[in-house]
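Here is the file work.tsv (TSV, C-alpha atoms and all ligand atoms).
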```tsv
chain	number	residue	atom	x	y	z
O	1141	MET	CA	8.30	2.57	19.00
O	1142	HIS	CA	10.21	4.64	16.45
O	1143	PRO	CA	10.13	8.41	16.62
O	1144	SER	CA	8.08	10.10	13.96
O	1145	PHE	CA	9.87	10.70	10.73
O	1146	LEU	CA	7.32	13.08	9.36
O	1147	THR	CA	4.61	15.22	10.74
O	1148	ILE	CA	1.45	15.56	8.78
O	1149	GLY	CA	-1.55	17.50	9.73
O	1150	SER	CA	-5.15	16.67	9.85
O	1151	ASP	CA	-5.31	20.05	11.48
O	1152	SER	CA	-3.98	21.33	8.24
O	1153	LEU	CA	-7.69	21.01	7.61
O	1154	ALA	CA	-8.05	23.92	9.96
O	1155	PRO	CA	-7.99	27.28	8.23
O	1156	HIS	CA	-4.87	28.08	6.40
O	1157	PRO	CA	-4.79	29.22	2.86
O	1158	PRO	CA	-4.97	26.55	0.18
O	1159	GLY	CA	-2.03	26.75	-2.13
O	1160	ASP	CA	0.26	28.36	0.38
O	1161	VAL	CA	2.75	25.56	0.10
O	1162	CYS	CA	5.69	27.41	1.57
O	1163	CYS	CA	3.65	28.61	4.50
O	1164	ARG	CA	2.35	25.12	5.22
O	1165	MET	CA	5.68	23.40	4.92
O	1166	ALA	CA	7.55	26.04	6.89
O	1167	GLU	CA	5.21	26.28	9.86
O	1168	PRO	CA	5.01	23.12	11.89
O	1169	THR	CA	2.48	24.81	14.18
O	1170	HIS	CA	-0.06	23.98	11.51
O	1171	ILE	CA	0.64	20.35	11.98
O	1172	LEU	CA	-1.03	18.32	14.71
O	1173	ASN	CA	-0.92	14.65	13.93
O	1174	LYS	CA	2.25	12.66	13.84
O	1175	ILE	CA	2.95	9.45	12.08
O	1176	ASN	CA	4.27	7.29	14.86
O	1177	GLY	CA	6.38	4.64	13.27
O	1178	LYS	CA	8.25	3.72	10.16
O	1179	ALA	CA	6.06	1.08	8.57
O	1180	LEU	CA	3.42	2.24	6.10
O	1181	LEU	CA	0.76	0.19	4.37
O	1182	ALA	CA	0.94	0.59	0.58
O	1183	PRO	CA	-2.09	1.41	-1.52
O	1184	MET	CA	-3.38	-1.78	-3.15
O	1185	LEU	CA	-6.20	-2.03	-5.64
O	1186	ALA	CA	-9.23	-4.01	-4.40
O	1187	THR	CA	-7.27	-4.83	-1.27
O	1188	THR	CA	-6.58	-1.88	1.04
O	1189	ASP	CA	-10.24	-1.45	1.94
O	1190	ILE	CA	-11.46	-0.41	5.38
O	1191	PRO	CA	-11.32	-3.91	6.96
O	1192	PHE	CA	-7.77	-4.62	5.78
O	1193	ARG	CA	-6.53	-1.15	6.67
O	1194	SER	CA	-7.99	-1.60	10.16
O	1195	VAL	CA	-6.24	-4.95	10.58
O	1196	CYS	CA	-2.94	-3.36	9.50
O	1197	ARG	CA	-3.43	-0.34	11.70
O	1198	GLU	CA	-4.14	-2.56	14.73
O	1199	SER	CA	-1.04	-4.53	13.76
O	1200	GLY	CA	1.14	-1.43	13.93
O	1201	ALA	CA	0.97	0.31	10.54
O	1202	ALA	CA	1.79	3.97	11.14
O	1203	LEU	CA	-0.05	5.25	8.08
O	1204	THR	CA	-2.34	3.50	5.64
O	1205	PHE	CA	-3.54	4.43	2.17
O	1206	THR	CA	-6.70	3.74	0.25
O	1207	GLU	CA	-6.35	1.93	-3.00
O	1208	MET	CA	-5.88	4.25	-5.96
O	1209	VAL	CA	-8.95	6.36	-6.53
O	1210	SER	CA	-9.71	7.60	-10.02
O	1211	ALA	CA	-9.80	11.41	-9.99
O	1212	ALA	CA	-11.85	11.34	-13.19
O	1213	GLY	CA	-14.23	8.88	-11.54
O	1214	ILE	CA	-14.72	11.25	-8.62
O	1215	LEU	CA	-15.59	14.06	-11.03
O	1216	ARG	CA	-18.09	11.77	-12.77
O	1217	SER	CA	-19.57	10.96	-9.35
O	1218	ALA	CA	-18.82	7.27	-9.96
O	1219	SER	CA	-19.97	5.40	-6.89
O	1220	ASN	CA	-17.04	2.96	-7.01
O	1221	SER	CA	-14.53	5.78	-6.90
O	1222	TYR	CA	-16.23	7.32	-3.88
O	1223	ARG	CA	-16.44	3.98	-2.17
O	1224	ASN	CA	-12.69	3.50	-2.64
O	1225	ALA	CA	-11.97	6.91	-1.12
O	1226	VAL	CA	-13.94	6.66	2.11
O	1227	PHE	CA	-12.47	5.63	5.44
O	1228	SER	CA	-13.75	5.37	8.95
O	1229	GLN	CA	-13.01	7.99	11.56
O	1230	ASP	CA	-10.88	5.70	13.74
O	1231	GLU	CA	-8.42	5.14	10.89
O	1232	HIS	CA	-6.40	8.33	11.17
O	1233	PRO	CA	-3.79	8.94	9.99
O	1234	VAL	CA	-4.96	7.76	6.61
O	1235	GLY	CA	-4.25	8.92	3.08
O	1236	ILE	CA	-6.26	8.87	-0.13
O	1237	GLN	CA	-4.28	7.87	-3.19
O	1238	LEU	CA	-5.38	9.57	-6.38
O	1239	VAL	CA	-4.68	8.55	-9.93
O	1240	ALA	CA	-5.05	11.40	-12.40
O	1241	ALA	CA	-3.85	12.35	-15.87
O	1242	ASP	CA	-4.02	16.13	-15.86
O	1243	PRO	CA	-3.70	18.99	-13.38
O	1244	GLU	CA	-7.30	20.22	-13.59
O	1245	THR	CA	-8.77	16.80	-12.86
O	1246	ALA	CA	-6.35	16.21	-10.00
O	1247	ALA	CA	-7.11	19.57	-8.40
O	1248	ALA	CA	-10.87	19.21	-8.79
O	1249	ALA	CA	-10.82	15.71	-7.27
O	1250	VAL	CA	-8.75	16.96	-4.34
O	1251	ARG	CA	-11.30	19.73	-3.68
O	1252	GLU	CA	-14.14	17.25	-3.95
O	1253	LEU	CA	-12.54	14.81	-1.48
O	1254	LEU	CA	-11.24	17.30	1.08
O	1255	PRO	CA	-14.49	17.22	3.08
O	1256	LEU	CA	-13.71	13.58	3.93
O	1257	ARG	CA	-10.77	14.97	5.92
O	1258	PRO	CA	-7.93	12.66	4.89
O	1259	ASP	CA	-4.58	13.36	6.54
O	1260	ILE	CA	-2.73	13.28	3.26
O	1261	PHE	CA	-3.27	12.81	-0.47
O	1262	ASP	CA	-0.88	10.66	-2.45
O	1263	LEU	CA	-0.47	10.93	-6.18
O	1264	ASN	CA	-0.02	7.66	-8.05
O	1265	SER	CA	2.83	7.95	-10.50
O	1266	GLY	CA	3.78	4.31	-10.76
O	1267	CYS	CA	0.81	2.18	-11.78
O	1268	PRO	CA	1.92	0.15	-14.84
O	1269	ASN	CA	-1.60	-0.95	-15.81
O	1270	ASP	CA	-2.13	-0.43	-19.56
O	1271	ARG	CA	-5.54	1.18	-19.21
O	1272	ILE	CA	-4.26	3.68	-16.62
O	1273	CYS	CA	-1.13	4.45	-18.67
O	1274	GLU	CA	-3.07	4.83	-21.94
O	1275	ALA	CA	-5.16	7.45	-20.17
O	1276	GLY	CA	-1.91	9.30	-19.41
O	1277	ALA	CA	-1.88	8.55	-15.66
O	1278	GLY	CA	0.11	6.31	-13.31
O	1279	ALA	CA	3.55	5.29	-14.60
O	1280	GLN	CA	2.92	7.17	-17.84
O	1281	LEU	CA	3.68	10.36	-15.89
O	1282	LEU	CA	7.25	9.18	-15.31
O	1283	GLY	CA	7.94	9.82	-18.99
O	1284	ASP	CA	6.53	13.35	-18.89
O	1285	ILE	CA	8.18	15.06	-15.96
O	1286	PRO	CA	6.80	18.58	-16.69
O	1287	ARG	CA	3.23	17.21	-16.67
O	1288	LEU	CA	3.89	15.27	-13.48
O	1289	GLY	CA	5.22	18.46	-11.88
O	1290	ALA	CA	2.22	20.50	-13.04
O	1291	LEU	CA	-0.20	17.85	-11.86
O	1292	LEU	CA	1.37	17.62	-8.45
O	1293	ARG	CA	1.56	21.38	-8.06
O	1294	ALA	CA	-2.13	21.65	-8.95
O	1295	ALA	CA	-3.02	19.04	-6.31
O	1296	VAL	CA	-0.85	20.77	-3.70
O	1297	THR	CA	-2.39	24.13	-4.52
O	1298	ALA	CA	-5.91	22.76	-4.26
O	1299	SER	CA	-5.26	20.89	-1.03
O	1300	THR	CA	-5.30	22.02	2.56
O	1301	VAL	CA	-3.58	18.82	3.63
O	1302	PRO	CA	-0.14	17.62	2.53
O	1303	VAL	CA	0.37	15.80	-0.73
O	1304	SER	CA	2.87	13.00	-1.31
O	1305	VAL	CA	3.79	11.09	-4.44
O	1306	LYS	CA	4.48	7.44	-5.17
O	1307	LEU	CA	6.93	6.82	-7.99
O	1308	ARG	CA	8.56	3.98	-9.83
O	1309	LEU	CA	11.98	4.29	-11.42
O	1310	PRO	CA	12.16	6.04	-14.78
O	1311	ASP	CA	12.68	3.66	-17.72
O	1312	ASN	CA	15.75	5.42	-19.06
O	1313	GLY	CA	18.39	7.84	-17.96
O	1314	GLY	CA	19.60	6.12	-14.80
O	1315	ALA	CA	20.54	8.11	-11.72
O	1316	SER	CA	20.34	11.53	-13.37
O	1317	ALA	CA	16.79	10.90	-14.66
O	1318	LEU	CA	15.79	9.78	-11.18
O	1319	ARG	CA	17.32	12.94	-9.71
O	1320	ASP	CA	15.39	15.14	-12.19
O	1321	LEU	CA	12.19	13.34	-11.34
O	1322	LEU	CA	12.70	13.68	-7.62
O	1323	ARG	CA	13.66	17.32	-7.74
O	1324	THR	CA	10.60	18.07	-9.85
O	1325	VAL	CA	8.23	16.49	-7.35
O	1326	GLU	CA	10.00	18.15	-4.43
O	1327	ASP	CA	9.79	21.55	-6.12
O	1328	ALA	CA	6.13	20.94	-6.85
O	1329	GLY	CA	5.46	20.62	-3.12
O	1330	ALA	CA	5.41	16.88	-2.38
O	1331	ILE	CA	5.86	16.47	1.36
O	1332	MET	CA	7.11	12.88	1.02
O	1333	VAL	CA	8.21	10.61	-1.82
O	1334	THR	CA	7.70	6.87	-1.92
O	1335	LEU	CA	9.91	5.07	-4.39
O	1336	HIS	CA	8.95	1.60	-5.59
O	1337	ALA	CA	12.40	0.63	-6.77
O	1338	ARG	CA	11.40	-0.97	-10.07
O	1339	THR	CA	10.75	0.45	-13.50
O	1340	ARG	CA	7.29	0.32	-14.99
O	1341	HIS	CA	8.09	-2.80	-17.00
O	1342	ALA	CA	10.06	-4.72	-14.37
O	1343	PRO	CA	8.16	-7.80	-13.17
O	1344	TYR	CA	7.95	-8.75	-9.51
O	1345	ASP	CA	10.41	-11.61	-9.95
O	1346	GLU	CA	13.13	-9.06	-10.67
O	1347	LYS	CA	14.54	-7.82	-7.39
O	1348	ALA	CA	13.70	-4.27	-6.35
O	1349	ARG	CA	16.77	-2.07	-6.86
O	1350	TRP	CA	17.19	-0.80	-3.32
O	1351	GLU	CA	20.38	1.09	-4.22
O	1352	THR	CA	18.19	3.57	-6.13
O	1353	ILE	CA	16.33	4.33	-2.89
O	1354	GLY	CA	19.68	5.39	-1.42
O	1355	GLU	CA	20.22	7.63	-4.46
O	1356	ALA	CA	16.79	9.16	-3.91
O	1357	VAL	CA	17.60	9.90	-0.27
O	1358	GLN	CA	20.68	11.82	-1.43
O	1359	ALA	CA	18.76	13.74	-4.08
O	1360	VAL	CA	15.97	15.38	-2.06
O	1361	SER	CA	15.42	16.85	1.36
O	1362	VAL	CA	11.87	15.56	1.87
O	1363	PRO	CA	11.52	12.13	3.51
O	1364	VAL	CA	11.93	9.21	1.13
O	1365	VAL	CA	9.95	6.05	1.83
O	1366	GLY	CA	11.48	2.87	0.43
O	1367	ASN	CA	9.21	0.35	-1.23
O	1368	GLY	CA	9.75	-3.03	-2.85
O	1369	ASP	CA	10.40	-6.54	-1.55
O	1370	VAL	CA	9.96	-5.96	2.18
O	1371	PHE	CA	8.66	-9.31	3.47
O	1372	SER	CA	9.96	-9.23	7.03
O	1373	ALA	CA	11.15	-6.80	9.67
O	1374	ALA	CA	14.70	-7.92	8.88
O	1375	ASP	CA	14.16	-6.76	5.28
O	1376	ALA	CA	12.81	-3.44	6.53
O	1377	GLN	CA	15.75	-2.83	8.87
O	1378	ARG	CA	18.19	-3.68	6.10
O	1379	LEU	CA	16.45	-1.38	3.62
O	1380	MET	CA	16.50	1.54	6.08
O	1381	ARG	CA	20.07	0.83	7.18
O	1382	ASP	CA	21.45	0.42	3.65
O	1383	THR	CA	19.69	3.38	2.05
O	1384	GLY	CA	18.96	5.86	4.83
O	1385	CYS	CA	15.29	5.98	3.82
O	1386	ALA	CA	12.99	7.46	6.44
O	1387	ALA	CA	10.45	4.66	6.44
O	1388	VAL	CA	9.31	1.64	4.50
O	1389	MET	CA	6.08	0.97	2.67
O	1390	VAL	CA	4.84	-2.61	2.62
O	1391	ALA	CA	2.42	-4.11	0.09
O	1392	ARG	CA	2.65	-7.88	-0.57
O	1393	GLY	CA	4.54	-8.39	2.68
O	1394	ALA	CA	1.40	-7.42	4.61
O	1395	LEU	CA	-0.98	-9.80	2.81
O	1396	GLY	CA	-1.79	-12.60	5.22
O	1397	THR	CA	1.02	-11.42	7.50
O	1398	PRO	CA	-0.07	-8.01	8.86
O	1399	TRP	CA	1.99	-8.41	12.06
O	1400	ILE	CA	4.97	-7.37	9.92
O	1401	PHE	CA	4.12	-3.79	10.91
O	1402	ARG	CA	4.47	-4.54	14.65
O	1403	ASP	CA	7.75	-6.35	13.99
O	1404	ILE	CA	9.10	-3.32	12.11
O	1405	ASP	CA	7.71	-0.87	14.63
O	1406	GLU	CA	9.40	-2.72	17.47
O	1407	GLY	CA	12.71	-2.51	15.61
O	1408	ARG	CA	13.00	-6.29	15.42
O	1409	ASP	CA	15.43	-7.91	13.05
O	1410	CYS	CA	13.35	-11.05	12.56
O	1411	ASP	CA	11.73	-13.14	9.86
O	1412	ILE	CA	7.95	-13.26	9.42
O	1413	ASP	CA	7.48	-16.44	11.50
O	1414	GLU	CA	9.33	-15.49	14.65
O	1415	HIS	CA	6.60	-13.29	16.15
O	1416	ALA	CA	3.64	-14.65	14.19
O	1417	PRO	CA	0.42	-15.04	16.17
O	1418	GLY	CA	-0.14	-18.42	17.82
O	1419	SER	CA	-2.88	-20.63	16.42
O	1420	GLU	CA	-5.76	-19.26	18.55
O	1421	GLU	CA	-4.82	-15.66	17.90
O	1422	MET	CA	-4.36	-16.42	14.20
O	1423	CYS	CA	-7.83	-17.94	14.04
O	1424	ARG	CA	-9.30	-14.87	15.77
O	1425	LEU	CA	-7.44	-12.48	13.47
O	1426	VAL	CA	-8.54	-14.23	10.27
O	1427	THR	CA	-12.13	-14.68	11.41
O	1428	ARG	CA	-12.47	-11.07	12.52
O	1429	HIS	CA	-10.99	-9.80	9.26
O	1430	LEU	CA	-13.22	-11.97	7.07
O	1431	GLU	CA	-16.32	-11.09	9.08
O	1432	ALA	CA	-15.49	-7.41	8.70
O	1433	LEU	CA	-15.15	-7.85	4.93
O	1434	GLN	CA	-18.53	-9.55	4.77
O	1435	GLY	CA	-20.04	-6.75	6.84
O	1436	GLU	CA	-18.45	-4.05	4.72
O	1437	PHE	CA	-19.23	-5.40	1.25
O	1438	GLY	CA	-22.13	-7.81	1.73
O	1439	ALA	CA	-22.08	-11.51	0.91
O	1440	VAL	CA	-21.82	-11.25	-2.88
O	1441	VAL	CA	-19.24	-8.51	-3.40
O	1442	ALA	CA	-17.17	-9.73	-0.44
O	1443	LEU	CA	-16.79	-13.27	-1.80
O	1444	PRO	CA	-13.62	-12.82	-3.92
O	1445	ARG	CA	-12.05	-10.65	-1.22
O	1446	LEU	CA	-12.71	-13.30	1.42
O	1447	ARG	CA	-11.22	-16.01	-0.75
O	1448	LYS	CA	-8.04	-14.13	-1.55
O	1449	HIS	CA	-7.39	-13.01	2.03
O	1450	ALA	CA	-8.09	-16.57	3.26
O	1451	MET	CA	-5.48	-17.89	0.82
O	1452	TRP	CA	-2.99	-15.20	1.77
O	1453	TYR	CA	-3.35	-16.04	5.47
O	1454	ALA	CA	-3.07	-19.76	4.75
O	1455	ARG	CA	-0.06	-19.68	2.48
O	1456	ARG	CA	2.53	-20.46	5.20
O	1457	PHE	CA	0.65	-23.61	6.23
O	1458	PRO	CA	0.35	-27.16	4.89
O	1459	ASN	CA	-2.66	-28.30	2.83
O	1460	VAL	CA	-3.21	-25.02	1.04
O	1461	SER	CA	-4.30	-26.92	-2.08
O	1462	ALA	CA	-7.10	-28.60	-0.17
O	1463	LEU	CA	-8.21	-25.31	1.34
O	1464	ARG	CA	-8.21	-23.66	-2.07
O	1465	ALA	CA	-10.38	-26.44	-3.51
O	1466	GLN	CA	-12.86	-26.00	-0.66
O	1467	LEU	CA	-12.92	-22.22	-0.98
O	1468	PHE	CA	-13.69	-22.40	-4.67
O	1469	ALA	CA	-16.29	-25.15	-4.22
O	1470	VAL	CA	-18.57	-22.83	-2.25
O	1471	ASP	CA	-20.07	-19.67	-3.60
O	1472	ASP	CA	-21.21	-17.57	-0.72
O	1473	ALA	CA	-19.28	-15.57	1.81
O	1474	GLY	CA	-20.74	-17.40	4.83
O	1475	HIS	CA	-19.41	-20.74	3.62
O	1476	VAL	CA	-16.01	-19.28	2.76
O	1477	LEU	CA	-15.84	-17.97	6.28
O	1478	GLU	CA	-16.84	-21.33	7.72
O	1479	VAL	CA	-14.28	-23.26	5.63
O	1480	THR	CA	-11.54	-20.82	6.58
O	1481	ARG	CA	-12.45	-20.86	10.26
O	1482	ARG	CA	-12.32	-24.67	10.27
O	1483	PHE	CA	-8.87	-24.57	8.63
O	1484	PHE	CA	-7.47	-22.29	11.32
O	1485	GLU	CA	-9.37	-23.95	14.18
O	1486	SER	CA	-7.43	-27.10	13.39
O	1487	ALA	CA	-4.39	-25.16	14.66
O	1488	PRO	CA	-2.09	-25.88	11.72
O	1489	MET	CA	1.63	-25.36	12.24
O	1490	PRO	CA	3.41	-23.27	9.61
O	1491	LEU	CA	5.68	-25.16	7.26
O	1492	ASP	CA	9.35	-24.49	7.72
O	1493	PRO	CA	10.40	-21.63	5.40
O	1494	SER	CA	12.82	-24.03	3.69
O	1495	HIS	CA	10.06	-26.58	2.92
O	1496	PRO	CA	9.77	-26.94	-0.87
O	1497	GLU	CA	5.96	-26.58	-0.87
O	1498	ARG	CA	6.09	-23.38	1.13
O	1499	GLN	CA	8.91	-22.02	-0.99
O	1500	GLU	CA	7.06	-22.72	-4.22
O	1501	ILE	CA	3.83	-21.16	-2.99
O	1502	GLU	CA	5.71	-18.13	-1.68
O	1503	ARG	CA	7.57	-17.77	-4.97
O	1504	ARG	CA	4.34	-17.82	-6.95
O	1505	PHE	CA	2.64	-15.48	-4.50
O	1506	ARG	CA	5.41	-12.90	-4.75
O	1507	HIS	CA	5.47	-13.12	-8.51
O	1508	ARG	CA	1.71	-12.90	-8.99
O	1509	VAL	CA	-0.27	-12.39	-5.83
O	1510	LEU	CA	-3.52	-13.84	-7.18
O	1511	TYR	CA	-2.08	-16.90	-8.90
O	1512	TRP	CA	-4.41	-19.30	-7.08
O	1513	THR	CA	-7.47	-17.82	-8.70
O	1514	THR	CA	-6.38	-19.53	-11.91
O	1515	SER	CA	-6.72	-23.28	-12.41
O	1516	ALA	CA	-3.89	-25.63	-11.40
O	1517	ALA	CA	-2.56	-22.79	-9.31
O	1518	VAL	CA	-1.19	-24.57	-6.28
O	1519	PRO	CA	1.16	-27.52	-6.59
O	1520	GLU	CA	-0.47	-30.75	-5.47
O	1521	GLY	CA	0.73	-32.61	-2.42
F	1601	LIG	C1	-2.69	-6.35	-5.36
F	1601	LIG	C2	-1.89	-5.08	-5.56
F	1601	LIG	C3	-2.53	-3.90	-5.84
F	1601	LIG	C4	-1.79	-2.72	-5.98
F	1601	LIG	N1	-2.45	-1.53	-6.17
F	1601	LIG	C5	-1.75	-0.36	-6.14
F	1601	LIG	C6	-2.42	0.90	-6.11
F	1601	LIG	O1	-3.66	0.99	-6.09
F	1601	LIG	N2	-1.64	2.03	-6.09
F	1601	LIG	C7	-0.27	1.97	-6.07
F	1601	LIG	O2	0.38	3.01	-6.04
F	1601	LIG	N3	0.37	0.79	-6.09
F	1601	LIG	C8	-0.33	-0.36	-6.08
F	1601	LIG	N4	0.34	-1.55	-6.00
F	1601	LIG	C9	1.82	-1.55	-5.88
F	1601	LIG	C10	2.22	-1.58	-4.39
F	1601	LIG	O3	1.71	-0.46	-3.70
F	1601	LIG	C11	3.75	-1.62	-4.21
F	1601	LIG	O4	4.31	-0.47	-4.75
F	1601	LIG	C12	4.38	-2.84	-4.89
F	1601	LIG	O5	3.61	-4.01	-4.69
F	1601	LIG	C13	5.80	-3.07	-4.34
F	1601	LIG	O6	5.76	-3.28	-2.96
F	1601	LIG	P1	5.90	-4.76	-2.29
F	1601	LIG	O7	7.19	-5.33	-2.79
F	1601	LIG	O8	5.89	-4.47	-0.81
F	1601	LIG	O9	4.75	-5.57	-2.78
F	1601	LIG	C14	-0.38	-2.74	-5.87
F	1601	LIG	C15	0.26	-3.96	-5.62
F	1601	LIG	C16	-0.47	-5.12	-5.44
F	1601	LIG	C17	0.25	-6.39	-5.12
```
Serialized structure, structure tokens:
Amino acid sequence: MHPSFLTIGSDSLAPHPPGDVCCRMAEPTHILNKINGKALLAPMLATTDIPFRSVCRESGAALTFTEMVSAAGILRSASNSYRNAVFSQDEHPVGIQLVAADPETAAAAVRELLPLRPDIFDLNSGCPNDRICEAGAGAQLLGDIPRLGALLRAAVTASTVPVSVKLRLPDNGGASALRDLLRTVEDAGAIMVTLHARTRHAPYDEKARWETIGEAVQAVSVPVVGNGDVFSAADAQRLMRDTGCAAVMVARGALGTPWIFRDIDEGRDCDIDEHAPGSEEMCRLVTRHLEALQGEFGAVVALPRLRKHAMWYARRFPNVSALRAQLFAVDDAGHVLEVTRRFFESAPMPLDPSHPERQEIERRFRHRVLYWTTSAAVPEG
């Protein structure tokens, strides 16, 4: 088990003055909880719900985040936004990620959500989605550093728990623009910075630029969490070793392979297969996860979530095309569960990582995680 790299406080919920950033950051006595470990689960839209966060937590994730929650939605009392923000009490430490376009909305949403008692808020400053960016939020903030600073400061001032920020690389200006960005968020009171080492427009098939994570580590004194292209514990060790980042955040690398967190936590230098669960354990893991999704969302809403997690779990194995066909031939959660359970009860052996079918599926998955929801998604054979 790694030592903590950062202390965050759910007891920072206990009385201490909101807005007193210096006081909070300077007095560790205010801080109770510790993040034990160096592997964090990334926020993922329509994915990091309670069941998946629980799976990742049980698999060794030291801190998990909700998917991005619209601050404006919270202020409108939109039920979806609230649903995305809630977590169960056995999840701590857990963070709520907010996406907001202006300081007032961010601060008001923080105040509204504080009674849920998250351990940390994270501000999304990296989402490239057009709708989010047109509203002035997400990655759009990277091009308006003063507004990002003001927004973050407003959230920090409103919050009685720490606030972190998740960034992408700025489009222009190279290392000096990145430094300006990082110093702004540090000055605004961010307790931790996660850097997804791609620009807003860079697709997933372009490699994450890990060297920029090293530059970020040099630029600020708060912990920097490296993010982008961690698909095994070996990747995580290399990212931390090469850049000096305090921890790693894993998104796609946890989909269908949540034991990556245990591998990282144990300090292993292995690929994703070496310590994968055996067939019985795998079947139990998948079944338990899918049942929890059905319980959480009900048969109708859960259906697409069950299908995608089933495909993510199955993607290392042979006959994924056949499984996909079966999953899309049924239209209720119970049948999806049954089909998936049968697939894993047959105790399939993972394909060798060098097998062309596995490589092609993995390539498509990494490029576009939901590719199999479109027709002709999985190569035949
Ligand atoms: C399905 C999906 C949903 C995502 N949703 C969010 C989100 O809600 N908030 C966010 O900051 N990033 C989101 N991201 C980006 C990831 O958190 C992460 O930064 C990115 O995928 C790079 O990490 P990876 O290489 O480990 O996948 C999402 C990524 C995926 C694949």
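For the residues O:Val1460, O:Leu1292, O:Ala1315, O:Ala1394, ranking by smallest atom-to-atom distance to ligand LIG 1601 (chain F) using all atoms listed in the file places O:Ala1394 first.
Atom CA of Val1234 of chain O lies 25.8 Å from atom CA of Arg1378 of chain O.
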Where is the centre and how long are the edges: axis-aligned box on segment 1506-1509 of chain O, 5 Å on each side, Å to one decimal, as JSON:
```
{"center_x": 2.6, "center_y": -12.8, "center_z": -6.9, "size_x": 15.7, "size_y": 10.7, "size_z": 14.2}
```
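Of note, atom CA of Asp1311 of chain O and atom CA of Ser1210 of chain O are spaced 24.0 Å apart.
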If you count all atoms listed in the file, which residues end up within 7 Å of ligand LIG 1601 (chain F), as a PyMOL selection string?
-> chain O and resi 1182-1187+1207-1208+1264+1266-1267+1306+1336+1367-1370+1389-1393+1509
(-5.2, -21.8, -3.9) in this file's frame - what residues fall within 10 Å of it? Use only C-alpha atoms and give the answer as a compact mmCIF listing (two decimals) with C-alpha atoms, in the frame of the given file.
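Saved as out-v1.txt:
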```txt
# COMPACT_ATOMS: atom_id res chain seq x y z
CA ARG O 1447 -11.22 -16.01 -0.75
CA LYS O 1448 -8.04 -14.13 -1.55
CA ALA O 1450 -8.09 -16.57 3.26
CA MET O 1451 -5.48 -17.89 0.82
CA TRP O 1452 -2.99 -15.20 1.77
CA ALA O 1454 -3.07 -19.76 4.75
CA ARG O 1455 -0.06 -19.68 2.48
CA ASN O 1459 -2.66 -28.30 2.83
CA VAL O 1460 -3.21 -25.02 1.04
CA SER O 1461 -4.30 -26.92 -2.08
CA ALA O 1462 -7.10 -28.60 -0.17
CA LEU O 1463 -8.21 -25.31 1.34
CA ARG O 1464 -8.21 -23.66 -2.07
CA ALA O 1465 -10.38 -26.44 -3.51
CA GLN O 1466 -12.86 -26.00 -0.66
CA LEU O 1467 -12.92 -22.22 -0.98
CA PHE O 1468 -13.69 -22.40 -4.67
CA ILE O 1501 3.83 -21.16 -2.99
CA LEU O 1510 -3.52 -13.84 -7.18
CA TYR O 1511 -2.08 -16.90 -8.90
CA TRP O 1512 -4.41 -19.30 -7.08
CA THR O 1513 -7.47 -17.82 -8.70
CA THR O 1514 -6.38 -19.53 -11.91
CA SER O 1515 -6.72 -23.28 -12.41
CA ALA O 1516 -3.89 -25.63 -11.40
CA ALA O 1517 -2.56 -22.79 -9.31
CA VAL O 1518 -1.19 -24.57 -6.28
CA PRO O 1519 1.16 -27.52 -6.59
```
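Using only C-alpha atoms for every distance, the candidate list O:Ser1265, O:Gly1384, O:Ile1260, O:Thr1297 yields O:Gly1384 as the residue closest to Phe1145 of chain O.
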Shortest contact to Ala1240 of chain O, candidates O:Ala1342, O:Ala1211, O:Leu1322, O:Val1479, atoms counted only C-alpha atoms, goes to O:Ala1211
For the contact check between segment 1178-1269 of chain O and segment 1413-1425 of chain O, emit one row per residue of segment 1178-1269 of chain O within 12 Å, containing the shortest atom pair and the distance in Å rounded to one decimal, counting only C-alpha atoms, chain then rising number order, as JSON lines.
```
{"residue": "O:Pro1191", "atom": "CA", "partner": "O:Leu1425", "partner_atom": "CA", "distance": 11.4}
{"residue": "O:Phe1192", "atom": "CA", "partner": "O:Leu1425", "partner_atom": "CA", "distance": 11.0}
{"residue": "O:Ser1194", "atom": "CA", "partner": "O:Leu1425", "partner_atom": "CA", "distance": 11.4}
{"residue": "O:Val1195", "atom": "CA", "partner": "O:Leu1425", "partner_atom": "CA", "distance": 8.2}
{"residue": "O:Cys1196", "atom": "CA", "partner": "O:Leu1425", "partner_atom": "CA", "distance": 10.9}
{"residue": "O:Glu1198", "atom": "CA", "partner": "O:Leu1425", "partner_atom": "CA", "distance": 10.5}
{"residue": "O:Ser1199", "atom": "CA", "partner": "O:Leu1425", "partner_atom": "CA", "distance": 10.2}
```
Written selection (C-alpha atoms) as an mmCIF file, keeping the file's coordinate frame:
```cif
data_model
loop_
_atom_site.group_PDB
_atom_site.id
_atom_site.type_symbol
_atom_site.label_atom_id
_atom_site.label_comp_id
_atom_site.auth_asym_id
_atom_site.auth_seq_id
_atom_site.Cartn_x
_atom_site.Cartn_y
_atom_site.Cartn_z
ATOM 1 C CA PRO O 1191 -11.320 -3.910 6.960
ATOM 2 C CA PHE O 1192 -7.770 -4.620 5.780
ATOM 3 C CA SER O 1194 -7.990 -1.600 10.160
ATOM 4 C CA VAL O 1195 -6.240 -4.950 10.580
ATOM 5 C CA CYS O 1196 -2.940 -3.360 9.500
ATOM 6 C CA GLU O 1198 -4.140 -2.560 14.730
ATOM 7 C CA SER O 1199 -1.040 -4.530 13.760
#
```
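Separating atom CA of Ser1228 of chain O from atom CA of Ile1190 of chain O is a distance of 7.2 Å.
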Around (9.9, 2.6, -12.2) in the file's frame, which residues reach within 6 Å when counting only C-alpha atoms? Return as a PyMOL selection string?
-> chain O and resi 1308-1310+1338-1340
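Nearest residue to Met1489 of chain O, choosing from O:Pro1458, O:Leu1281, O:Leu1288, O:Arg1216 and counting all atoms listed in the file: O:Pro1458.
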